[in-house]
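**Q** Got a structure for you, written out below as structure tokens; questions coming shortly.
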Amino acid sequence: MNQIFRENLKYILAVLFVWAITFPWILRNKDTILAKITLTYNSFFGYPNPRIAHSLIAKGDAVLEGRKEGGTNLLQTISQFFSAEENGKGTILPLDLTLMEKACLYFRSKEHVEDHFLELTWREKASDWGSPLFQRMAPQGELTLGPNPKEYWNSHIEAVLTALDYYKRALRFSGPELIAPKKIESVAWASCRPSEILLAYKTHMVETESYVLKKLTELEKVPSGLSAVQKRSVILSSIKRSDFSEVSANDYLESLLRQILLTGMKNFSPREMDDIYERILYFVGADEREYLKFKFRRAELYFQLGSEEENYYQKAANEFKESANIQLASEIEDINLPALLVHEFEAKLKQAESYHKLKENNKSLTILDSLKPKLRNVDERSVGGKKDEILKTYHNLSRSVLRKLGRYEEADEIPFNE
């Protein structure tokens with residue numbers, strides 16, 4: 001062995017020398033290198049490649065299906081025997097993703113609680129942690145207690161993460177298909193990784209747009225010299241028209257909505273959110289109810305950004321004004337008119353608040369005065385009862401605006417809400 005080492009010492013030293021020189025560069029550019037390797041790999045197999053995507057998804061599904069039968073290896077069976085509850089010895093509780101998600105949420109809500117206070121009572125196990133999957137394991141006529149949520153989650157997390165890995169690999173090849181993001185969503189909540197859902201749907205959005213751009217470019221339907229915004233409009237228009245059979249406008253819109261509605265956008269920056277709202281508003285323009293709703297949400301986003309850059313308050317005021325134009329939706333046959341009137345009141349109130357932030361208090365007061373005859377839409381006379389939070393905001397804002405204008409006696413006459 002020593003002789004072989006001595007005879008090849010110069011080659012070993014040469015390799016170590018080259019590695020010592022190149023390692024810092026590789027470490028610094030690892031993301032670029034990995035991206036190029038991925039592009040080469042994808043181009044070799046073809047991209048998108050539904051066959052590879054479906055194959056990887058099938059492997060992930062198989063992992064989960066095996067766990068739903070309650071099966072596991074011998075080592076886990078022995079471990080379960082000694083750690084399980086009295087009525088569960090010798091058995092492996094089957095996988096229930098909903099129960100795993102519930103366990104995840106339970107322990108996140110108790111993260112600052114001492115461990116000995118987390119032990120579930122008999123009643124909690126019987127009433128809160130049961131599952132239809134466990135019923136067939138119960139002796140006839142006996143009550144089956146649910147599992148210890150922490151132990152149950154730990155018993156399946158490795159398999160769920162394996163399935164998640166397969167689904168994420170499938171996402172690289174699925175292109176405009178929505179199946180991979182939906183599979184990721186099905187296991188991400190259970191594995192306490194909601195950010196994976198956001199990443200999956202955002203990736204689907206980007207990949208769909210890239211696919212459409214590539215197709216349009218091949219057909220020479222993208223004029224040269226377009227700005228990024230103009231190019232995106234061409235892409236969105238093509239998706240909405242369903243120019244390509246492989247691309248579903250409904251799937252694309254669902255991907256946009258999931259990013260906002262499902263995850264709450266907690267992991268998005270405000271400016272990323274604005275890009276999503278812009279796309280959604282393009283797609284829902286024909287549906288006036290949805291248009292007004294998302295206009296209001298975008299205005300709220302601008303209002304939030306106003307604390308960093310004051311010019312966003314002006315943008316918020318403009319968006320709230322447009323959102324308050326309920327004439328767009330008032331003629332729809334099945335519209336909920338009382339709810340629409342509440343929306344109008346709140347949008348105008350937020351518009352007034354935006355002007356107040358800009359110190360344009362005369363404009364703000366004009367809007368607040370115009371709302372006085374419409375107070376019946378949100379007070380005790382409104383359908384569905386009094387809207388306390390809206391009324392409280394209205395009175396507080398009115399009081400603040402009047403004081404800024406030096407009209408202190410009028411401000412003091414405004415009642416305080418409990």
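In the structure tokens, each chain is lettered A, B, ... as it comes, each chain's residues begin at 1, and ligands are numbered from 1 in order of appearance.
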At a cut-off of 9 Å, can you tabulate as JSON lines every residue of region 233-343 of chain A near region 165-186 of chain A together with its closest atom pair and the distance in Å to one decimal, using only C-alpha atoms and ordering rows by chain then number?

**A**
```
{"residue": "A:Glu246", "atom": "CA", "partner": "A:Pro176", "partner_atom": "CA", "distance": 7.0}
{"residue": "A:Val247", "atom": "CA", "partner": "A:Pro176", "partner_atom": "CA", "distance": 5.8}
{"residue": "A:Ser248", "atom": "CA", "partner": "A:Pro176", "partner_atom": "CA", "distance": 7.7}
{"residue": "A:Asp251", "atom": "CA", "partner": "A:Leu178", "partner_atom": "CA", "distance": 6.3}
{"residue": "A:Tyr252", "atom": "CA", "partner": "A:Pro176", "partner_atom": "CA", "distance": 7.9}
{"residue": "A:Ser255", "atom": "CA", "partner": "A:Leu178", "partner_atom": "CA", "distance": 7.9}
```

**Q** What's the 8 Å shell around Lys295 (chain A), counting only C-alpha atoms, without same-chain residues fewer than 2 positions away, as a ChimeraX atom specification?

**A** /A:281,291-293,297-299,319-320,322-323

**Q** For the residues in that selection, give me N, CA, C and O atoms as an mmCIF file, in the first residue's frame.

**A**
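Printed below is selection_15.cif as written:
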```cif
data_model
loop_
_atom_site.group_PDB
_atom_site.id
_atom_site.type_symbol
_atom_site.label_atom_id
_atom_site.label_comp_id
_atom_site.auth_asym_id
_atom_site.auth_seq_id
_atom_site.Cartn_x
_atom_site.Cartn_y
_atom_site.Cartn_z
ATOM 1 N N LEU A 281 -55.065 40.766 -11.475
ATOM 2 C CA LEU A 281 -55.991 41.776 -11.969
ATOM 3 C C LEU A 281 -56.146 41.692 -13.484
ATOM 4 O O LEU A 281 -57.230 41.940 -14.023
ATOM 5 N N TYR A 291 -62.462 41.700 -9.341
ATOM 6 C CA TYR A 291 -61.622 42.853 -9.669
ATOM 7 C C TYR A 291 -61.612 43.856 -8.521
ATOM 8 O O TYR A 291 -60.551 44.333 -8.095
ATOM 9 N N LEU A 292 -62.795 44.190 -8.000
ATOM 10 C CA LEU A 292 -62.873 45.142 -6.889
ATOM 11 C C LEU A 292 -62.167 44.610 -5.647
ATOM 12 O O LEU A 292 -61.483 45.355 -4.940
ATOM 13 N N LYS A 293 -62.329 43.323 -5.389
ATOM 14 C CA LYS A 293 -61.710 42.714 -4.203
ATOM 15 C C LYS A 293 -60.187 42.784 -4.283
ATOM 16 O O LYS A 293 -59.520 43.174 -3.312
ATOM 17 N N ARG A 297 -57.207 44.830 -2.142
ATOM 18 C CA ARG A 297 -56.048 44.186 -1.508
ATOM 19 C C ARG A 297 -54.735 44.817 -1.989
ATOM 20 O O ARG A 297 -53.787 44.976 -1.215
ATOM 21 N N ARG A 298 -54.685 45.147 -3.265
ATOM 22 C CA ARG A 298 -53.474 45.797 -3.766
ATOM 23 C C ARG A 298 -53.316 47.176 -3.131
ATOM 24 O O ARG A 298 -52.193 47.599 -2.815
ATOM 25 N N ALA A 299 -54.423 47.885 -2.935
ATOM 26 C CA ALA A 299 -54.369 49.189 -2.282
ATOM 27 C C ALA A 299 -53.842 49.054 -0.852
ATOM 28 O O ALA A 299 -53.058 49.885 -0.387
ATOM 29 N N GLU A 319 -55.850 53.530 -5.793
ATOM 30 C CA GLU A 319 -56.372 52.162 -5.877
ATOM 31 C C GLU A 319 -57.650 52.005 -5.048
ATOM 32 O O GLU A 319 -58.600 51.354 -5.473
ATOM 33 N N PHE A 320 -57.675 52.619 -3.859
ATOM 34 C CA PHE A 320 -58.888 52.556 -3.033
ATOM 35 C C PHE A 320 -60.055 53.245 -3.741
ATOM 36 O O PHE A 320 -61.198 52.777 -3.666
ATOM 37 N N GLU A 322 -60.566 53.492 -6.967
ATOM 38 C CA GLU A 322 -61.063 52.607 -8.024
ATOM 39 C C GLU A 322 -61.798 51.407 -7.441
ATOM 40 O O GLU A 322 -62.796 50.942 -7.994
ATOM 41 N N SER A 323 -61.302 50.905 -6.299
ATOM 42 C CA SER A 323 -61.953 49.772 -5.652
ATOM 43 C C SER A 323 -63.335 50.149 -5.140
ATOM 44 O O SER A 323 -64.212 49.297 -5.033
#
```

**Q** CA of Lys363 (chain A) and CA of Asp379 (chain A) are how many Å apart?

**A**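 Calculated distance between CA of Lys363 (chain A) and CA of Asp379 (chain A) is 23.8 Å.
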
**Q** Would you pick out the contacts of region 352-357 of chain A at 10 Å or less, using only C-alpha atoms, so that residues sharing its chain but fewer than 3 positions from it are not included, and give the list as a count of residues only?

**A** 36

**Q** Near Pro223 (chain A), within 12 Å and counting only C-alpha atoms, which residues show up once chain neighbours fewer than 6 positions away are dropped, as an mmCIF file with N, CA, C and O atoms, in the first residue's frame?

**A**
```
data_model
loop_
_atom_site.group_PDB
_atom_site.id
_atom_site.type_symbol
_atom_site.label_atom_id
_atom_site.label_comp_id
_atom_site.auth_asym_id
_atom_site.auth_seq_id
_atom_site.Cartn_x
_atom_site.Cartn_y
_atom_site.Cartn_z
ATOM 1 N N LEU A 213 -43.339 32.035 -23.441
ATOM 2 C CA LEU A 213 -42.421 32.937 -24.137
ATOM 3 C C LEU A 213 -41.593 32.181 -25.171
ATOM 4 O O LEU A 213 -41.395 32.665 -26.307
ATOM 5 N N LEU A 216 -43.864 31.372 -28.139
ATOM 6 C CA LEU A 216 -44.163 32.573 -28.923
ATOM 7 C C LEU A 216 -42.949 33.031 -29.715
ATOM 8 O O LEU A 216 -43.077 33.497 -30.861
ATOM 9 N N THR A 217 -41.763 32.906 -29.098
ATOM 10 C CA THR A 217 -40.528 33.296 -29.789
ATOM 11 C C THR A 217 -40.287 32.393 -30.994
ATOM 12 O O THR A 217 -39.889 32.863 -32.069
ATOM 13 N N GLN A 230 -43.995 45.032 -21.177
ATOM 14 C CA GLN A 230 -44.714 44.759 -22.426
ATOM 15 C C GLN A 230 -44.630 43.277 -22.804
ATOM 16 O O GLN A 230 -45.611 42.679 -23.257
ATOM 17 N N LYS A 231 -43.469 42.717 -22.602
ATOM 18 C CA LYS A 231 -43.287 41.293 -22.925
ATOM 19 C C LYS A 231 -44.176 40.434 -22.035
ATOM 20 O O LYS A 231 -44.779 39.457 -22.488
ATOM 21 N N VAL A 234 -47.723 40.421 -23.304
ATOM 22 C CA VAL A 234 -47.887 39.507 -24.442
ATOM 23 C C VAL A 234 -48.044 38.073 -23.946
ATOM 24 O O VAL A 234 -48.903 37.321 -24.421
ATOM 25 N N ILE A 235 -47.233 37.704 -22.961
ATOM 26 C CA ILE A 235 -47.283 36.345 -22.405
ATOM 27 C C ILE A 235 -48.623 36.098 -21.728
ATOM 28 O O ILE A 235 -49.276 35.076 -21.952
#
```

**Q** Counting only C-alpha atoms, which residue out of A:Phe17, A:Tyr106, A:Phe23, A:Phe345 sits closest to Asn148 (chain A)?

**A**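 Closest to Asn148 (chain A) of all the choices is A:Tyr106.
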
**Q** I need the residues in region 163-209 of chain A that are alpha helix (DSSP H) according to DSSP; give them as a VMD selection string.

**A** chain A and resid 163 to 174 179 to 188 195 to 209

**Q** Report as a list in words all protein, DNA and RNA residues lying within 12 Å of Glu278 (chain A), evaluated on only C-alpha atoms, omitting residues in the same chain fewer than 3 positions from it.

**A**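 Here the qualifying residues turn out to be Val229, Arg232, Ser233, Leu236, Leu253, Leu256, Leu257, Arg271, Glu272, Met273, Asp274, Asp275, Leu281, Tyr282, Phe283, Val284, Gly285, Tyr291, Phe294, Lys295, Arg297, Arg298, Ala299 and Leu301 of chain A.
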